[in-house]
2 protein chains.
Amino acid sequence: MSDSAPTQGCTTCRNGHLCLSRGLNAREAALVEDIAQRKIRVKRGESIFRCGDPLDEIYAVKYGTFKLTLGTAEGREMIAAFYLSGDIFGTDGFESDTRTSTAIALEDSEVCAVSWKRLAELAQQEGAIQKLVTQIFSTRIGRKQRLMLCLGSMRSEERVAVFLLDLSERLKERGFSDRHIVLRMSREEIAEHLAMQLETVSRIFSSLAREGILRVNHRKIQILDLQGLATVAQAGVQKNRAF
Amino acid sequence: MSDSAPTQGCTTCRNGHLCLSRGLNAREAALVEDIAQRKIRVKRGESIFRCGDPLDEIYAVKYGTFKLTLGTAEGREMIAAFYLSGDIFGTDGFESDTRTSTAIALEDSEVCAVSWKRLAELAQQEGAIQKLVTQIFSTRIGRKQRLMLCLGSMRSEERVAVFLLDLSERLKERGFSDRHIVLRMSREEIAEHLAMQLETVSRIFSSLAREGILRVNHRKIQILDLQGLATVAQAGVQKNRAF
DNA sequence: CGTAGTATTGAACCTTATCAAACAGAGTGG
DNA sequence: CCACTCTGTTTGATAAGGTTCAATACTACG
C-alpha cells in the first residue's frame, strides 16, 4: 500500500451521508475531516492491515472494496465481511491493540485513515461524534449477529439470496443501481463468506437464473425479480411456522 | 424474577477472580462492589430481560446458568451464548438502548445487576476499570467471532467437541471439575446453539461414548479422554492442510 | 494465441436433516 | 405403590442438501 497526495475531505466526499460525517452538522463534520486527512491507496490484492499487526487506526473506504478475513491458528479461514465505499472498518480488536483480522483490497481502492486515539478524544468532547462512534460499533455488532444467525439457521440458497439482497441494498445507499451488480469478489470468496463451497454458490446462481430471478454473467449479476429474491431469502421460515 | 435481600459483595464472592473485580486491587474492587449491590434471583425458565426491553444494566452471574437467545422478526432463532457463574452478560446493543436478545435462566440463578451508566462513569475515572470494561467487550466479540468461525467451517462432530472443550475449560476456571460435567441445557438447546438438530447432538454424544472419549448419562457427561476430544475438535484441519 | 485463473456443470458420495418409534425419568393422581 | 402422562433422550431408516472430485468452458491477460 502507498500513501497518496491529499484529496478532498469529508465535507465534499460523496460518501458523506453514510460515512464518518453521517448525521453531523458542518462544524462537527469539519472536526472529523480534520483527523481523517491521511489517505491510503491500496492495490488489488494488497492488505491494509494483517492479523497480528499493531492497531491504532480505523479506516473509511473512499472508493473500492475490501474483504476482512478471520483466521484461526489451525488454518481455518473465513471472510467476516465485505466493505464498500463509505463503510468504516478496522474497528475489531482495538482493545487488545492487535489486529485479529486481515483486510485485503478486492480492487484498487483508497481509504481514509483515522487515528483511533484522536477520534476517541473528539468523541469525548462532542456528543454528536460520541453518538456516531457508538452507532458504528452498534451496527458492526448487529451485522455480525445477523451473519451468525444466517449461517446458523439458513440453507445455502437462502444465504446466497440474503447476501445478494444485502449487497443490492448497500449499493443503492451508495447511489449505484440495486439491480445491476458487478461483483467485486470471486465465487470462492462468496463461498468463504457464506460458509459453503464455491461450486454450490455457482450452482445456486445458475438455479436462480433458471427461475428467472437473476441474470448471471460471471461477475455481472442482474436482479430481475427483487421480490422473488426476497421470497427465496425467507423460504425456510414457512417450514418453521407450520410447526 | 424477584429482587432479594443483599448478599455478600464482590470482595468476598468466589467468582471474584473472573468477574467484575478481575484484575482489580482492593480499592478498585470496592468501587465496583458499590455499584453492583442489587441482586436478582431468577427462577428456571424465567427471563431477566427480553428482546425489545429498554437497556440500562449489565449483569454478572452470581450462580446458575443462562442462555442468550437471538431472534429475527421472521421467526428464526438461535442461542448466541451460555453464561456460567462469573460471566458478565447483557452487554449487547447497549448503544441503541434496546435489547436485541433475550436472557433466560436454565436453572434457579442469581445475578448482580450493574447500572451501565454508573459503570461507564467509574470507568472514566479509574483506568483499571476502563481496562476491565474494554476487556469484557473484547472477550465478547472474540467469542462471537470464534463461534462464527466454528459454525462456518466445522462439521457437527467437531462443533460438539469444541462446545464440550469450551464448557470444560470454563468450568475448570470456576473451580469445578473439568471432566465431570452436568449439562444445564437440553440436547435441543445445545443443537440450537451449534446450528444443528437435537438428534444429531445425541448421536454424536453416543458415538463419542462408543469411541471411549466420553461417558454419557443423559445430562451427566464424563470426559474420559480430554486429548482425544481435542483431536476430534480439529479433525477437519488435516484435510485443509493436505490441500 | 496460448496460458492461467475463474466459472460452470455432472456424478458419486457423505453428512446431516427429517420422520418415526421406542425408551427413560420425573411427577401426578388414584 | 403403581399406572399414567409428560418431557427429554436415544436410535433407526430414509431422504435431501451439500461436498468432493473431475471434466469442460469461459475470460482476461500477457
# chains A, B, ... in the order shown; residues from 1 in each chain; ligands from 1
>>> interface_residues(of="chain D", to="chain B", cutoff="9 Å", atoms="only C-alpha atoms (C1' of nucleotides)", output="ChimeraX atom specification")
/D:8-11
>>> write_last_selection(atoms="C-alpha atoms (C1' of nucleotides)", output="PDB file, in the first residue's frame")
ATOM      1  C1'  DG D   8     -36.415 -35.301  27.095  1.00  0.00           C
ATOM      2  C1'  DT D   9     -33.301 -38.653  25.038  1.00  0.00           C
ATOM      3  C1'  DT D  10     -31.793 -42.295  22.124  1.00  0.00           C
ATOM      4  C1'  DT D  11     -31.854 -44.926  17.970  1.00  0.00           C
TER       5       DT D  11
END
>>> residues_around(residues="DA23 in chain D", least_positions_apart="2", cutoff="12 Å", atoms="only C-alpha atoms (C1' of nucleotides)", output="ChimeraX atom specification")
/C:8-11 /D:21,25
>>> write_last_selection(atoms="N, CA and C atoms (P, O5', C5', C4', C3', O3' and C1' of nucleotides)", output="PDB file, in the first residue's frame")
ATOM      1  P    DT C   8     -20.621 -18.970 -12.843  1.00  0.00           P
ATOM      2  O5'  DT C   8     -20.746 -20.381 -13.540  1.00  0.00           O
ATOM      3  C5'  DT C   8     -20.799 -20.435 -14.972  1.00  0.00           C
ATOM      4  C4'  DT C   8     -20.826 -21.871 -15.422  1.00  0.00           C
ATOM      5  C3'  DT C   8     -22.004 -22.697 -14.896  1.00  0.00           C
ATOM      6  O3'  DT C   8     -22.735 -23.142 -16.028  1.00  0.00           O
ATOM      7  C1'  DT C   8     -19.961 -23.886 -14.747  1.00  0.00           C
ATOM      8  P    DT C   9     -24.196 -23.735 -15.863  1.00  0.00           P
ATOM      9  O5'  DT C   9     -23.899 -25.293 -15.794  1.00  0.00           O
ATOM     10  C5'  DT C   9     -23.187 -25.922 -16.867  1.00  0.00           C
ATOM     11  C4'  DT C   9     -22.803 -27.321 -16.474  1.00  0.00           C
ATOM     12  C3'  DT C   9     -23.883 -28.135 -15.757  1.00  0.00           C
ATOM     13  O3'  DT C   9     -24.280 -29.175 -16.624  1.00  0.00           O
ATOM     14  C1'  DT C   9     -21.736 -28.465 -14.799  1.00  0.00           C
ATOM     15  P    DG C  10     -25.412 -30.220 -16.250  1.00  0.00           P
ATOM     16  O5'  DG C  10     -24.569 -31.481 -15.780  1.00  0.00           O
ATOM     17  C5'  DG C  10     -23.574 -32.012 -16.646  1.00  0.00           C
ATOM     18  C4'  DG C  10     -22.940 -33.238 -16.015  1.00  0.00           C
ATOM     19  C3'  DG C  10     -23.913 -34.152 -15.261  1.00  0.00           C
ATOM     20  O3'  DG C  10     -23.628 -35.492 -15.642  1.00  0.00           O
ATOM     21  C1'  DG C  10     -22.120 -33.518 -13.837  1.00  0.00           C
ATOM     22  P    DA C  11     -24.551 -36.697 -15.183  1.00  0.00           P
ATOM     23  O5'  DA C  11     -23.657 -37.391 -14.069  1.00  0.00           O
ATOM     24  C5'  DA C  11     -22.277 -37.654 -14.336  1.00  0.00           C
ATOM     25  C4'  DA C  11     -21.682 -38.376 -13.137  1.00  0.00           C
ATOM     26  C3'  DA C  11     -22.674 -39.308 -12.423  1.00  0.00           C
ATOM     27  O3'  DA C  11     -21.978 -40.477 -12.050  1.00  0.00           O
ATOM     28  C1'  DA C  11     -21.889 -37.645 -10.919  1.00  0.00           C
TER      29       DA C  11
ATOM     30  P    DC D  21     -11.762 -34.467  -2.706  1.00  0.00           P
ATOM     31  O5'  DC D  21     -11.968 -35.016  -4.195  1.00  0.00           O
ATOM     32  C5'  DC D  21     -12.681 -36.232  -4.387  1.00  0.00           C
ATOM     33  C4'  DC D  21     -12.955 -36.447  -5.859  1.00  0.00           C
ATOM     34  C3'  DC D  21     -11.791 -36.071  -6.788  1.00  0.00           C
ATOM     35  O3'  DC D  21     -11.648 -37.111  -7.749  1.00  0.00           O
ATOM     36  C1'  DC D  21     -13.768 -34.988  -7.482  1.00  0.00           C
ATOM     37  P    DA D  25     -16.434 -28.047 -23.444  1.00  0.00           P
ATOM     38  O5'  DA D  25     -16.612 -26.610 -22.817  1.00  0.00           O
ATOM     39  C5'  DA D  25     -17.832 -26.289 -22.158  1.00  0.00           C
ATOM     40  C4'  DA D  25     -17.708 -24.883 -21.600  1.00  0.00           C
ATOM     41  C3'  DA D  25     -17.247 -23.851 -22.632  1.00  0.00           C
ATOM     42  O3'  DA D  25     -18.060 -22.705 -22.461  1.00  0.00           O
ATOM     43  C1'  DA D  25     -15.836 -23.793 -20.747  1.00  0.00           C
TER      44       DA D  25
END
>>> closest_atom_pairs(of="chain A", to="chain B", cutoff="7 Å", atoms="only C-alpha atoms", output="JSON lines")
{"residue": "A:Glu74", "atom": "CA", "partner": "B:Val237", "partner_atom": "CA", "distance": 6.7}
{"residue": "A:Gly75", "atom": "CA", "partner": "B:Val237", "partner_atom": "CA", "distance": 6.9}
{"residue": "A:Arg76", "atom": "CA", "partner": "B:Ser153", "partner_atom": "CA", "distance": 6.9}
{"residue": "A:Met78", "atom": "CA", "partner": "B:Leu149", "partner_atom": "CA", "distance": 6.6}
{"residue": "A:Gly93", "atom": "CA", "partner": "B:Ser138", "partner_atom": "CA", "distance": 6.3}
{"residue": "A:Glu95", "atom": "CA", "partner": "B:Thr134", "partner_atom": "CA", "distance": 6.0}
{"residue": "A:Thr134", "atom": "CA", "partner": "B:Glu95", "partner_atom": "CA", "distance": 6.0}
{"residue": "A:Gln135", "atom": "CA", "partner": "B:Glu95", "partner_atom": "CA", "distance": 6.9}
{"residue": "A:Ser138", "atom": "CA", "partner": "B:Glu95", "partner_atom": "CA", "distance": 6.2}
{"residue": "A:Met148", "atom": "CA", "partner": "B:Met148", "partner_atom": "CA", "distance": 5.8}
{"residue": "A:Leu149", "atom": "CA", "partner": "B:Met78", "partner_atom": "CA", "distance": 6.6}
{"residue": "A:Leu151", "atom": "CA", "partner": "B:Gly152", "partner_atom": "CA", "distance": 6.6}
{"residue": "A:Gly152", "atom": "CA", "partner": "B:Ala195", "partner_atom": "CA", "distance": 4.8}
{"residue": "A:Ser153", "atom": "CA", "partner": "B:Ala195", "partner_atom": "CA", "distance": 6.4}
{"residue": "A:Ala195", "atom": "CA", "partner": "B:Gly152", "partner_atom": "CA", "distance": 4.7}
{"residue": "A:Val237", "atom": "CA", "partner": "B:Glu74", "partner_atom": "CA", "distance": 6.7}
>>> write_last_selection(atoms="N, CA and C atoms", output="CSV table (one decimal), in the first residue's frame")
chain,number,residue,atom,x,y,z
A,74,GLU,N,-5.2,-22.9,13.6
A,74,GLU,CA,-5.2,-24.2,13.0
A,74,GLU,C,-5.3,-24.1,11.5
A,75,GLY,N,-5.6,-22.9,10.9
A,75,GLY,CA,-5.7,-22.8,9.5
A,75,GLY,C,-7.1,-22.7,8.9
A,76,ARG,N,-8.1,-22.6,9.8
A,76,ARG,CA,-9.4,-22.4,9.2
A,76,ARG,C,-9.5,-20.9,8.9
A,78,MET,N,-12.1,-17.7,7.1
A,78,MET,CA,-13.5,-17.2,6.8
A,78,MET,C,-13.4,-15.7,6.5
A,93,GLY,N,-11.1,-5.6,17.7
A,93,GLY,CA,-9.9,-5.9,18.5
A,93,GLY,C,-9.1,-4.7,18.9
A,95,GLU,N,-9.2,-3.1,21.4
A,95,GLU,CA,-8.9,-3.0,22.8
A,95,GLU,C,-7.6,-3.7,23.1
A,134,THR,N,-20.5,5.2,18.7
A,134,THR,CA,-21.3,4.1,19.3
A,134,THR,C,-22.2,3.5,18.2
A,135,GLN,N,-22.7,4.3,17.3
A,135,GLN,CA,-23.5,3.8,16.2
A,135,GLN,C,-22.8,2.9,15.3
A,138,SER,N,-22.3,-0.3,17.1
A,138,SER,CA,-23.6,-1.0,17.2
A,138,SER,C,-23.9,-1.7,15.9
A,148,MET,N,-24.3,-14.4,11.8
A,148,MET,CA,-24.2,-15.7,12.6
A,148,MET,C,-25.5,-16.4,12.5
A,149,LEU,N,-26.6,-15.7,12.7
A,149,LEU,CA,-27.9,-16.3,12.5
A,149,LEU,C,-28.2,-16.9,11.2
A,151,LEU,N,-25.8,-17.9,9.0
A,151,LEU,CA,-25.0,-19.1,8.9
A,151,LEU,C,-25.7,-20.3,9.6
A,152,GLY,N,-26.2,-19.9,10.8
A,152,GLY,CA,-26.7,-21.0,11.7
A,152,GLY,C,-28.0,-21.6,11.3
A,153,SER,N,-28.9,-20.7,10.7
A,153,SER,CA,-30.3,-21.2,10.5
A,153,SER,C,-30.8,-21.2,9.1
A,195,ALA,N,-19.9,-19.6,4.2
A,195,ALA,CA,-19.6,-20.9,4.7
A,195,ALA,C,-20.2,-22.0,3.8
A,237,VAL,N,-38.6,-20.2,6.4
A,237,VAL,CA,-39.4,-19.8,7.5
A,237,VAL,C,-40.7,-20.4,7.5
>>> interface_residues(of="chain B", to="chain C", cutoff="9 Å", atoms="only C-alpha atoms (C1' of nucleotides)", output="PyMOL selection string")
chain B and resi 155-156+196-197+200
>>> atom_distance(atom1="CA of Leu20 in chain A", atom2="CA of Ala60 in chain A")
7.4 Å
>>> select_by_dssp(residues="range 1-242 of chain A", states="strand (DSSP E or B)", output="PDB file with C-alpha atoms, in the first residue's frame")
ATOM      1  CA  SER A   2       1.180   3.534  -0.663  1.00  0.00           C
ATOM      2  CA  ASP A   3       0.266   6.951   0.703  1.00  0.00           C
ATOM      3  CA  LYS A  39      -5.456   8.790   2.521  1.00  0.00           C
ATOM      4  CA  ILE A  40      -4.012   5.439   1.595  1.00  0.00           C
ATOM      5  CA  ARG A  41      -4.164   3.841  -1.815  1.00  0.00           C
ATOM      6  CA  VAL A  42      -4.238   0.058  -1.827  1.00  0.00           C
ATOM      7  CA  SER A  47      -3.621  -5.697   2.535  1.00  0.00           C
ATOM      8  CA  ILE A  48      -4.114  -2.595   4.587  1.00  0.00           C
ATOM      9  CA  PHE A  49      -3.513  -4.470   7.818  1.00  0.00           C
ATOM     10  CA  PRO A  54      -0.433  -3.299  15.978  1.00  0.00           C
ATOM     11  CA  GLU A  57      -6.231   3.486  13.200  1.00  0.00           C
ATOM     12  CA  ILE A  58      -9.617   2.773  11.764  1.00  0.00           C
ATOM     13  CA  TYR A  59     -10.413   3.203   8.090  1.00  0.00           C
ATOM     14  CA  ALA A  60     -13.177   4.507   5.895  1.00  0.00           C
ATOM     15  CA  VAL A  61     -13.426   3.219   2.341  1.00  0.00           C
ATOM     16  CA  LYS A  62     -13.181   6.181  -0.045  1.00  0.00           C
ATOM     17  CA  TYR A  63     -13.606   4.006  -3.106  1.00  0.00           C
ATOM     18  CA  PHE A  66     -12.247  -4.800   0.851  1.00  0.00           C
ATOM     19  CA  LYS A  67     -12.638  -8.196   2.413  1.00  0.00           C
ATOM     20  CA  LEU A  68     -11.981  -8.878   6.084  1.00  0.00           C
ATOM     21  CA  THR A  69     -10.617 -12.356   6.716  1.00  0.00           C
ATOM     22  CA  LEU A  70     -10.624 -14.122  10.052  1.00  0.00           C
ATOM     23  CA  GLY A  71      -8.265 -16.981  10.691  1.00  0.00           C
ATOM     24  CA  GLU A  77     -10.389 -19.249   7.385  1.00  0.00           C
ATOM     25  CA  MET A  78     -13.464 -17.234   6.803  1.00  0.00           C
ATOM     26  CA  ILE A  79     -14.396 -13.894   5.310  1.00  0.00           C
ATOM     27  CA  ALA A  80     -16.128 -11.964   8.070  1.00  0.00           C
ATOM     28  CA  ALA A  81     -17.297  -9.074   5.915  1.00  0.00           C
ATOM     29  CA  PHE A  82     -17.015  -7.147   2.685  1.00  0.00           C
ATOM     30  CA  TYR A  83     -16.661  -3.368   2.853  1.00  0.00           C
ATOM     31  CA  ILE A  88     -15.890   2.009   8.127  1.00  0.00           C
ATOM     32  CA  PHE A  89     -13.711  -0.925   9.120  1.00  0.00           C
ATOM     33  CA  THR A  98      -3.556  -6.061  17.983  1.00  0.00           C
ATOM     34  CA  SER A 101      -8.172  -9.986  11.200  1.00  0.00           C
ATOM     35  CA  THR A 102      -6.699  -9.102   7.831  1.00  0.00           C
ATOM     36  CA  ALA A 103      -8.133  -6.551   5.397  1.00  0.00           C
ATOM     37  CA  ILE A 104      -7.421  -7.064   1.696  1.00  0.00           C
ATOM     38  CA  ALA A 105      -8.473  -4.907  -1.248  1.00  0.00           C
ATOM     39  CA  SER A 109      -9.023   1.165  -3.593  1.00  0.00           C
ATOM     40  CA  GLU A 110      -8.462   4.144  -1.373  1.00  0.00           C
ATOM     41  CA  VAL A 111      -9.205   4.601   2.302  1.00  0.00           C
ATOM     42  CA  CYS A 112      -9.174   7.462   4.785  1.00  0.00           C
ATOM     43  CA  ALA A 113      -7.133   6.568   7.857  1.00  0.00           C
ATOM     44  CA  VAL A 114      -8.310   7.917  11.204  1.00  0.00           C
ATOM     45  CA  SER A 115      -6.322   7.780  14.419  1.00  0.00           C
ATOM     46  CA  HIS A 180     -27.250  -4.253 -11.953  1.00  0.00           C
ATOM     47  CA  ILE A 181     -24.481  -5.511  -9.720  1.00  0.00           C
ATOM     48  CA  VAL A 182     -20.875  -6.118 -10.611  1.00  0.00           C
ATOM     49  CA  LEU A 214     -31.377 -13.338 -11.746  1.00  0.00           C
ATOM     50  CA  ARG A 215     -29.463 -12.905 -14.933  1.00  0.00           C
ATOM     51  CA  VAL A 216     -25.928 -14.130 -14.335  1.00  0.00           C
ATOM     52  CA  ASN A 217     -22.942 -13.426 -16.499  1.00  0.00           C
ATOM     53  CA  LYS A 220     -22.191  -9.238 -13.705  1.00  0.00           C
ATOM     54  CA  ILE A 221     -25.423 -10.008 -11.897  1.00  0.00           C
ATOM     55  CA  GLN A 222     -28.764  -8.523 -12.800  1.00  0.00           C
ATOM     56  CA  ILE A 223     -31.611  -8.901 -10.338  1.00  0.00           C
TER      57      ILE A 223
END
>>> select_by_dssp(residues="range 60-194 of chain B", states="alpha helix (DSSP H)", output="PyMOL selection string")
chain B and resi 116-125+127-153+156-173+187-194
>>> atom_distance(atom1="CA of Glu121 in chain B", atom2="CA of Gly64 in chain B")
28.7 Å
>>> atom_distance(atom1="CA of Leu24 in chain A", atom2="CA of Gln130 in chain A")
10.9 Å
>>> residues_around(residues="Arg99 in chain A", least_positions_apart="3", cutoff="7 Å", atoms="only C-alpha atoms (C1' of nucleotides)", output="ChimeraX atom specification")
/A:50-55,93
>>> decode(residues="range 132-157 of chain A", atoms="N, CA, C and O atoms", output="PDB file, in the first residue's frame")
ATOM      1  N   LEU A 132     -22.091   8.999  17.066  1.00  0.00           N
ATOM      2  CA  LEU A 132     -21.706   8.391  15.798  1.00  0.00           C
ATOM      3  C   LEU A 132     -20.826   7.168  16.018  1.00  0.00           C
ATOM      4  O   LEU A 132     -21.029   6.117  15.400  1.00  0.00           O
ATOM      5  N   VAL A 133     -19.862   7.309  16.923  1.00  0.00           N
ATOM      6  CA  VAL A 133     -18.925   6.213  17.181  1.00  0.00           C
ATOM      7  C   VAL A 133     -19.663   4.998  17.730  1.00  0.00           C
ATOM      8  O   VAL A 133     -19.468   3.878  17.263  1.00  0.00           O
ATOM      9  N   THR A 134     -20.534   5.235  18.710  1.00  0.00           N
ATOM     10  CA  THR A 134     -21.276   4.094  19.253  1.00  0.00           C
ATOM     11  C   THR A 134     -22.161   3.486  18.176  1.00  0.00           C
ATOM     12  O   THR A 134     -22.312   2.270  18.105  1.00  0.00           O
ATOM     13  N   GLN A 135     -22.706   4.341  17.322  1.00  0.00           N
ATOM     14  CA  GLN A 135     -23.540   3.836  16.234  1.00  0.00           C
ATOM     15  C   GLN A 135     -22.750   2.913  15.305  1.00  0.00           C
ATOM     16  O   GLN A 135     -23.236   1.875  14.879  1.00  0.00           O
ATOM     17  N   ILE A 136     -21.509   3.322  15.032  1.00  0.00           N
ATOM     18  CA  ILE A 136     -20.650   2.499  14.173  1.00  0.00           C
ATOM     19  C   ILE A 136     -20.456   1.119  14.788  1.00  0.00           C
ATOM     20  O   ILE A 136     -20.612   0.099  14.127  1.00  0.00           O
ATOM     21  N   PHE A 137     -20.149   1.092  16.086  1.00  0.00           N
ATOM     22  CA  PHE A 137     -19.913  -0.186  16.748  1.00  0.00           C
ATOM     23  C   PHE A 137     -21.189  -1.004  16.842  1.00  0.00           C
ATOM     24  O   PHE A 137     -21.183  -2.219  16.656  1.00  0.00           O
ATOM     25  N   SER A 138     -22.259  -0.313  17.139  1.00  0.00           N
ATOM     26  CA  SER A 138     -23.552  -0.974  17.241  1.00  0.00           C
ATOM     27  C   SER A 138     -23.897  -1.681  15.940  1.00  0.00           C
ATOM     28  O   SER A 138     -24.272  -2.849  15.916  1.00  0.00           O
ATOM     29  N   THR A 139     -23.755  -0.962  14.825  1.00  0.00           N
ATOM     30  CA  THR A 139     -24.037  -1.531  13.516  1.00  0.00           C
ATOM     31  C   THR A 139     -23.153  -2.737  13.263  1.00  0.00           C
ATOM     32  O   THR A 139     -23.603  -3.763  12.751  1.00  0.00           O
ATOM     33  N   ARG A 140     -21.894  -2.608  13.639  1.00  0.00           N
ATOM     34  CA  ARG A 140     -20.927  -3.685  13.431  1.00  0.00           C
ATOM     35  C   ARG A 140     -21.375  -4.966  14.108  1.00  0.00           C
ATOM     36  O   ARG A 140     -21.403  -6.028  13.516  1.00  0.00           O
ATOM     37  N   ILE A 141     -21.725  -4.824  15.389  1.00  0.00           N
ATOM     38  CA  ILE A 141     -22.140  -5.990  16.158  1.00  0.00           C
ATOM     39  C   ILE A 141     -23.429  -6.575  15.590  1.00  0.00           C
ATOM     40  O   ILE A 141     -23.573  -7.779  15.440  1.00  0.00           O
ATOM     41  N   GLY A 142     -24.341  -5.684  15.245  1.00  0.00           N
ATOM     42  CA  GLY A 142     -25.609  -6.128  14.676  1.00  0.00           C
ATOM     43  C   GLY A 142     -25.406  -6.940  13.410  1.00  0.00           C
ATOM     44  O   GLY A 142     -26.010  -7.990  13.231  1.00  0.00           O
ATOM     45  N   ARG A 143     -24.543  -6.459  12.539  1.00  0.00           N
ATOM     46  CA  ARG A 143     -24.272  -7.158  11.285  1.00  0.00           C
ATOM     47  C   ARG A 143     -23.670  -8.527  11.553  1.00  0.00           C
ATOM     48  O   ARG A 143     -24.011  -9.509  10.905  1.00  0.00           O
ATOM     49  N   LYS A 144     -22.745  -8.577  12.509  1.00  0.00           N
ATOM     50  CA  LYS A 144     -22.082  -9.836  12.833  1.00  0.00           C
ATOM     51  C   LYS A 144     -23.085 -10.855  13.360  1.00  0.00           C
ATOM     52  O   LYS A 144     -23.029 -12.035  13.035  1.00  0.00           O
ATOM     53  N   GLN A 145     -24.003 -10.363  14.183  1.00  0.00           N
ATOM     54  CA  GLN A 145     -25.019 -11.266  14.734  1.00  0.00           C
ATOM     55  C   GLN A 145     -25.954 -11.773  13.653  1.00  0.00           C
ATOM     56  O   GLN A 145     -26.345 -12.935  13.651  1.00  0.00           O
ATOM     57  N   ARG A 146     -26.308 -10.884  12.733  1.00  0.00           N
ATOM     58  CA  ARG A 146     -27.188 -11.312  11.656  1.00  0.00           C
ATOM     59  C   ARG A 146     -26.511 -12.361  10.790  1.00  0.00           C
ATOM     60  O   ARG A 146     -27.138 -13.327  10.366  1.00  0.00           O
ATOM     61  N   LEU A 147     -25.214 -12.161  10.559  1.00  0.00           N
ATOM     62  CA  LEU A 147     -24.475 -13.148   9.773  1.00  0.00           C
ATOM     63  C   LEU A 147     -24.458 -14.488  10.490  1.00  0.00           C
ATOM     64  O   LEU A 147     -24.653 -15.543   9.891  1.00  0.00           O
ATOM     65  N   MET A 148     -24.258 -14.439  11.807  1.00  0.00           N
ATOM     66  CA  MET A 148     -24.217 -15.670  12.597  1.00  0.00           C
ATOM     67  C   MET A 148     -25.537 -16.415  12.492  1.00  0.00           C
ATOM     68  O   MET A 148     -25.565 -17.620  12.263  1.00  0.00           O
ATOM     69  N   LEU A 149     -26.614 -15.677  12.656  1.00  0.00           N
ATOM     70  CA  LEU A 149     -27.946 -16.267  12.545  1.00  0.00           C
ATOM     71  C   LEU A 149     -28.151 -16.853  11.158  1.00  0.00           C
ATOM     72  O   LEU A 149     -28.722 -17.935  10.993  1.00  0.00           O
ATOM     73  N   CYS A 150     -27.674 -16.115  10.172  1.00  0.00           N
ATOM     74  CA  CYS A 150     -27.805 -16.537   8.783  1.00  0.00           C
ATOM     75  C   CYS A 150     -27.064 -17.841   8.570  1.00  0.00           C
ATOM     76  O   CYS A 150     -27.620 -18.809   8.037  1.00  0.00           O
ATOM     77  N   LEU A 151     -25.803 -17.904   9.028  1.00  0.00           N
ATOM     78  CA  LEU A 151     -25.016 -19.130   8.878  1.00  0.00           C
ATOM     79  C   LEU A 151     -25.656 -20.277   9.633  1.00  0.00           C
ATOM     80  O   LEU A 151     -25.639 -21.415   9.181  1.00  0.00           O
ATOM     81  N   GLY A 152     -26.196 -19.945  10.801  1.00  0.00           N
ATOM     82  CA  GLY A 152     -26.706 -20.996  11.665  1.00  0.00           C
ATOM     83  C   GLY A 152     -28.043 -21.557  11.253  1.00  0.00           C
ATOM     84  O   GLY A 152     -28.299 -22.735  11.438  1.00  0.00           O
ATOM     85  N   SER A 153     -28.895 -20.721  10.685  1.00  0.00           N
ATOM     86  CA  SER A 153     -30.266 -21.185  10.531  1.00  0.00           C
ATOM     87  C   SER A 153     -30.768 -21.224   9.092  1.00  0.00           C
ATOM     88  O   SER A 153     -31.905 -21.605   8.849  1.00  0.00           O
ATOM     89  N   MET A 154     -29.946 -20.847   8.141  1.00  0.00           N
ATOM     90  CA  MET A 154     -30.428 -20.857   6.764  1.00  0.00           C
ATOM     91  C   MET A 154     -29.666 -21.880   5.932  1.00  0.00           C
ATOM     92  O   MET A 154     -28.534 -22.203   6.209  1.00  0.00           O
ATOM     93  N   ARG A 155     -30.301 -22.326   4.867  1.00  0.00           N
ATOM     94  CA  ARG A 155     -29.536 -23.184   3.979  1.00  0.00           C
ATOM     95  C   ARG A 155     -28.968 -22.362   2.828  1.00  0.00           C
ATOM     96  O   ARG A 155     -29.271 -21.182   2.676  1.00  0.00           O
ATOM     97  N   SER A 156     -28.161 -23.014   2.021  1.00  0.00           N
ATOM     98  CA  SER A 156     -27.314 -22.300   1.061  1.00  0.00           C
ATOM     99  C   SER A 156     -28.076 -21.307   0.212  1.00  0.00           C
ATOM    100  O   SER A 156     -27.666 -20.161   0.059  1.00  0.00           O
ATOM    101  N   GLU A 157     -29.187 -21.765  -0.365  1.00  0.00           N
ATOM    102  CA  GLU A 157     -29.897 -20.901  -1.292  1.00  0.00           C
ATOM    103  C   GLU A 157     -30.363 -19.617  -0.604  1.00  0.00           C
ATOM    104  O   GLU A 157     -30.243 -18.529  -1.146  1.00  0.00           O
TER     105      GLU A 157
END
